[in-house]
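Report on the structure given below.
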Amino acid sequence: MIAIINPDTPKPIVEGLMSHGFTPVTIPLCTTVQRPIAGHPDIQLCMIHHFVIYNPAIERFIINLLHQSQYIPIRGQSIVQPAYPYDCAYNCACTGIIAFHNTKATDTVIQEVLHRCSVPLIHVKQGYSKCSTCIVNTHAIITSDKTIHRAALNNTIASLLIQPGTVTLPGYPYGFIGGASGLYHDTVYVTGIFSKHPDKIIIEDFIRNHGKNIIYLSKLPAIDIGSIFFLDI
């Protein structure tokens with residue numbers, strides 16, 4: 001079991017992944033975007049069903065790793081660039097039955113794969129949709145973004161709207177819950193604890209009420225590392 005993570009991921013989180021049986025693999029920095037998000041996996045990868053669409057400028061060893069996994073890697077069209085929204089072409093949030101993204105930014109190959117998989121793509125204002133969305137299961141998400149929250153509810157997806165903040169992201173005022181988590185089978189893994197988050201209890205209850213466990217990978221405050229991508233090899 002592989003966990004693709006940010007090379008800036010703090011050591012306690014890496015150790016937490018290893019203690020749960022995952023082999024952490026750091027994604028190379030994306031040199032065409034701002035440094036604080038250059039190591040975020042969700043800037044360069046998008047997972048849709050058994051496909052992984054990747055930034056064509058990504059280093060070869062990640063492509064080779066994807067080929068060794070149970071996923072089918074597909075080369076994206078967009079090369080991510082420094083300025084928003086050209087840095088978030090791959091930051092689409094897909095639950096498995098629906099996807100949310102600012103469609104002005106969505107990579108064309110992602111759009112084609114979603115269409116092939118019969119997954120509707122819903123336009124929202126937020127370009128960093130994956131960062132902003134903790135996917136709990138195919139029918140449930142957690143977000144602090146009101147446009148994603150409304151779009152989910154309008155499309156029969158259960159959504160918990162939480163208050164923004166308390167998730168850290170070095171270089172920015174705060175990060176997002178999607179970037180601080182990853183879903184693998186029956187468990188939502190979170191980089192750190194929500195000790196200061198005003199919605200801590202309802203977040204935990206929402207996850208459990210939708211049939212998933214929650215595991216905190218460290219005792220650090222939750223940190224946005226650009227999502228965790230789990231791969232079965």
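Please note that chains go A, B, ... in the order of the structure tokens, that every chain numbers its residues from 1, and that ligands are numbered from 1 in the order shown.
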
### Message
Just want the 12 Å neighbourhood of A:Ser78, counted on only C-alpha atoms, with same-chain residues fewer than 6 positions away dropped. Output as a list in words.
### Response
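Close residues of A:Ser78: Thr32, Ile43, Gln44, Leu45, Ile53, Tyr54, Asn55, Pro56, Ala57, Ile58, Pro85, Tyr86, Asp87, Cys88, Ala89, Tyr90, Asn91, Ala105, Thr106, Asp107, Thr108, Val109, Ile110 and Gln111 of chain A.
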
Contacts of A:Pro164 at 12 Å (only C-alpha atoms; same-chain gap of 5+ positions) as a PDB file with C-alpha atoms, in the first residue's frame:
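Wrote result.pdb, looks like this:
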```pdb
ATOM      1  CA  SER A 132     -11.259  22.087  -0.060  1.00  0.00           C
ATOM      2  CA  THR A 133     -13.098  18.758   0.040  1.00  0.00           C
ATOM      3  CA  ILE A 142     -16.881  17.713   4.342  1.00  0.00           C
ATOM      4  CA  THR A 143     -15.930  21.219   3.225  1.00  0.00           C
ATOM      5  CA  SER A 144     -15.586  24.793   4.418  1.00  0.00           C
ATOM      6  CA  ASP A 145     -16.384  26.099   0.932  1.00  0.00           C
ATOM      7  CA  LYS A 146     -19.983  27.296   0.667  1.00  0.00           C
ATOM      8  CA  PRO A 173      -3.232  32.084   6.405  1.00  0.00           C
ATOM      9  CA  TYR A 174      -4.780  28.614   6.673  1.00  0.00           C
ATOM     10  CA  GLY A 175      -5.301  25.383   4.785  1.00  0.00           C
ATOM     11  CA  PHE A 176      -8.215  23.089   4.003  1.00  0.00           C
ATOM     12  CA  ILE A 177      -9.578  19.822   5.342  1.00  0.00           C
ATOM     13  CA  GLY A 178      -9.357  18.038   1.998  1.00  0.00           C
ATOM     14  CA  LYS A 196      -8.652  23.688  18.171  1.00  0.00           C
ATOM     15  CA  HIS A 197     -11.284  23.245  15.482  1.00  0.00           C
ATOM     16  CA  PRO A 198     -14.716  24.353  16.702  1.00  0.00           C
ATOM     17  CA  ASP A 199     -16.347  21.606  14.620  1.00  0.00           C
TER      18      ASP A 199
END
```

### Query
Which residue, A:Ile203, A:Ile5, A:Leu114, A:Ile215, has the smallest gap to A:Tyr189 when you use only C-alpha atoms?
A:Ile215

### Task
Could you tell me how far atom CA of A:Gln126 lies from atom CA of A:Phe100, in Å and to one decimal?
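Interatomic distance, atom CA of A:Gln126 to atom CA of A:Phe100: 8.7 Å.
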
Give the alpha helix (DSSP H) residues of stretch 138-196 of chain A, as DSSP finds them on the backbone, and put them as a tab-separated table (two decimals) with N, CA and C atoms, in the first residue's frame.
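In the end it all went to selection-v9.tsv:
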```
chain	number	residue	atom	x	y	z
A	146	LYS	N	-18.52	27.24	0.77
A	146	LYS	CA	-19.98	27.30	0.67
A	146	LYS	C	-20.49	26.92	-0.73
A	147	THR	N	-19.71	27.24	-1.78
A	147	THR	CA	-20.18	26.91	-3.13
A	147	THR	C	-20.14	25.40	-3.36
A	148	ILE	N	-19.11	24.73	-2.85
A	148	ILE	CA	-19.05	23.27	-2.97
A	148	ILE	C	-20.15	22.64	-2.12
A	149	HIS	N	-20.37	23.16	-0.93
A	149	HIS	CA	-21.42	22.66	-0.04
A	149	HIS	C	-22.79	22.74	-0.71
A	150	ARG	N	-23.11	23.90	-1.27
A	150	ARG	CA	-24.42	24.06	-1.94
A	150	ARG	C	-24.54	23.14	-3.15
A	151	ALA	N	-23.46	23.05	-3.93
A	151	ALA	CA	-23.50	22.19	-5.11
A	151	ALA	C	-23.70	20.73	-4.73
A	152	ALA	N	-23.08	20.31	-3.63
A	152	ALA	CA	-23.26	18.93	-3.16
A	152	ALA	C	-24.71	18.67	-2.77
A	153	LEU	N	-25.27	19.54	-1.94
A	153	LEU	CA	-26.64	19.36	-1.50
A	153	LEU	C	-27.62	19.38	-2.66
```

### Query
Any idea what the distance is between atom CA of A:Asp42 and atom CA of A:Ile135?
13.2 Å

### Message
Give me, as number ranges by chain, all polymer residues having an atom no more than 7 Å from stretch 16-25 of chain A, counting only C-alpha atoms and skipping those fewer than 6 positions away in the same chain.
### Response
A: 1-5, 217-218

Could you write those residues out with N, CA and C atoms, as a PDB file, in the first residue's frame?
```pdb
ATOM      1  N   MET A   1       0.856  -1.189   0.000  1.00  0.00           N
ATOM      2  CA  MET A   1       0.000   0.000   0.000  1.00  0.00           C
ATOM      3  C   MET A   1       0.890   1.236   0.000  1.00  0.00           C
ATOM      4  N   ILE A   2       0.696   2.065  -0.991  1.00  0.00           N
ATOM      5  CA  ILE A   2       1.512   3.263  -1.174  1.00  0.00           C
ATOM      6  C   ILE A   2       0.706   4.496  -0.775  1.00  0.00           C
ATOM      7  N   ALA A   3       1.369   5.444  -0.132  1.00  0.00           N
ATOM      8  CA  ALA A   3       0.765   6.739   0.153  1.00  0.00           C
ATOM      9  C   ALA A   3       1.626   7.806  -0.516  1.00  0.00           C
ATOM     10  N   ILE A   4       1.087   8.458  -1.536  1.00  0.00           N
ATOM     11  CA  ILE A   4       1.821   9.533  -2.200  1.00  0.00           C
ATOM     12  C   ILE A   4       1.589  10.814  -1.412  1.00  0.00           C
ATOM     13  N   ILE A   5       2.697  11.425  -0.975  1.00  0.00           N
ATOM     14  CA  ILE A   5       2.592  12.581  -0.092  1.00  0.00           C
ATOM     15  C   ILE A   5       3.531  13.698  -0.518  1.00  0.00           C
ATOM     16  N   LEU A 217      -3.133  10.711  12.051  1.00  0.00           N
ATOM     17  CA  LEU A 217      -1.815  10.162  11.789  1.00  0.00           C
ATOM     18  C   LEU A 217      -0.737  10.710  12.710  1.00  0.00           C
ATOM     19  N   SER A 218      -1.025  11.818  13.378  1.00  0.00           N
ATOM     20  CA  SER A 218      -0.050  12.405  14.296  1.00  0.00           C
ATOM     21  C   SER A 218      -0.784  13.199  15.363  1.00  0.00           C
TER      22      SER A 218
END
```

### Query
Separation of atom CA of A:Thr187 and atom CA of A:His101, in Å?
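Those two atoms sit 24.0 Å apart.
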
### Summary
With distances taken over only C-alpha atoms, the candidate from A:Ser129, A:Ser227, A:Thr9, A:Thr138 nearest A:Ser181 is A:Ser227

### Message
My list of candidates is A:Thr103, A:Asp224, A:Ile97, A:Asn137. Which is closest to A:Asn155 when distances are computed with only C-alpha atoms?
### Response
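Among the listed residues, A:Ile97 lies closest to A:Asn155.
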
### Message
Please determine, counting only C-alpha atoms, which residue among A:Tyr128, A:Tyr184, A:Tyr172, A:Phe206 has the shortest atom-to-atom distance to A:Leu231.
### Response
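Using only C-alpha atoms, A:Leu231 sits closest to A:Tyr184.
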
### Message
Quick check for you: according to DSSP on this backbone, which residues of stretch 149-206 of chain A are classed as strand (DSSP E)? Reply as a ChimeraX atom specification.
### Response
/A:158-161,181-184,187-190

Could the residues in this selection be written to a file with C-alpha atoms, as a CSV table (one decimal), in the first residue's frame?
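Once everything was written out, this is selection_23.csv:
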```
chain,number,residue,atom,x,y,z
A,158,ALA,CA,-24.5,14.8,2.0
A,159,SER,CA,-22.3,17.7,2.9
A,160,LEU,CA,-21.0,19.0,6.3
A,161,LEU,CA,-20.2,22.7,6.1
A,181,SER,CA,-6.8,14.1,4.7
A,182,GLY,CA,-7.1,11.0,2.4
A,183,LEU,CA,-9.6,8.2,2.1
A,184,TYR,CA,-8.5,4.6,1.9
A,187,THR,CA,-11.0,5.0,6.9
A,188,VAL,CA,-10.4,8.7,6.6
A,189,TYR,CA,-6.8,9.4,7.5
A,190,VAL,CA,-6.1,12.9,8.8
```
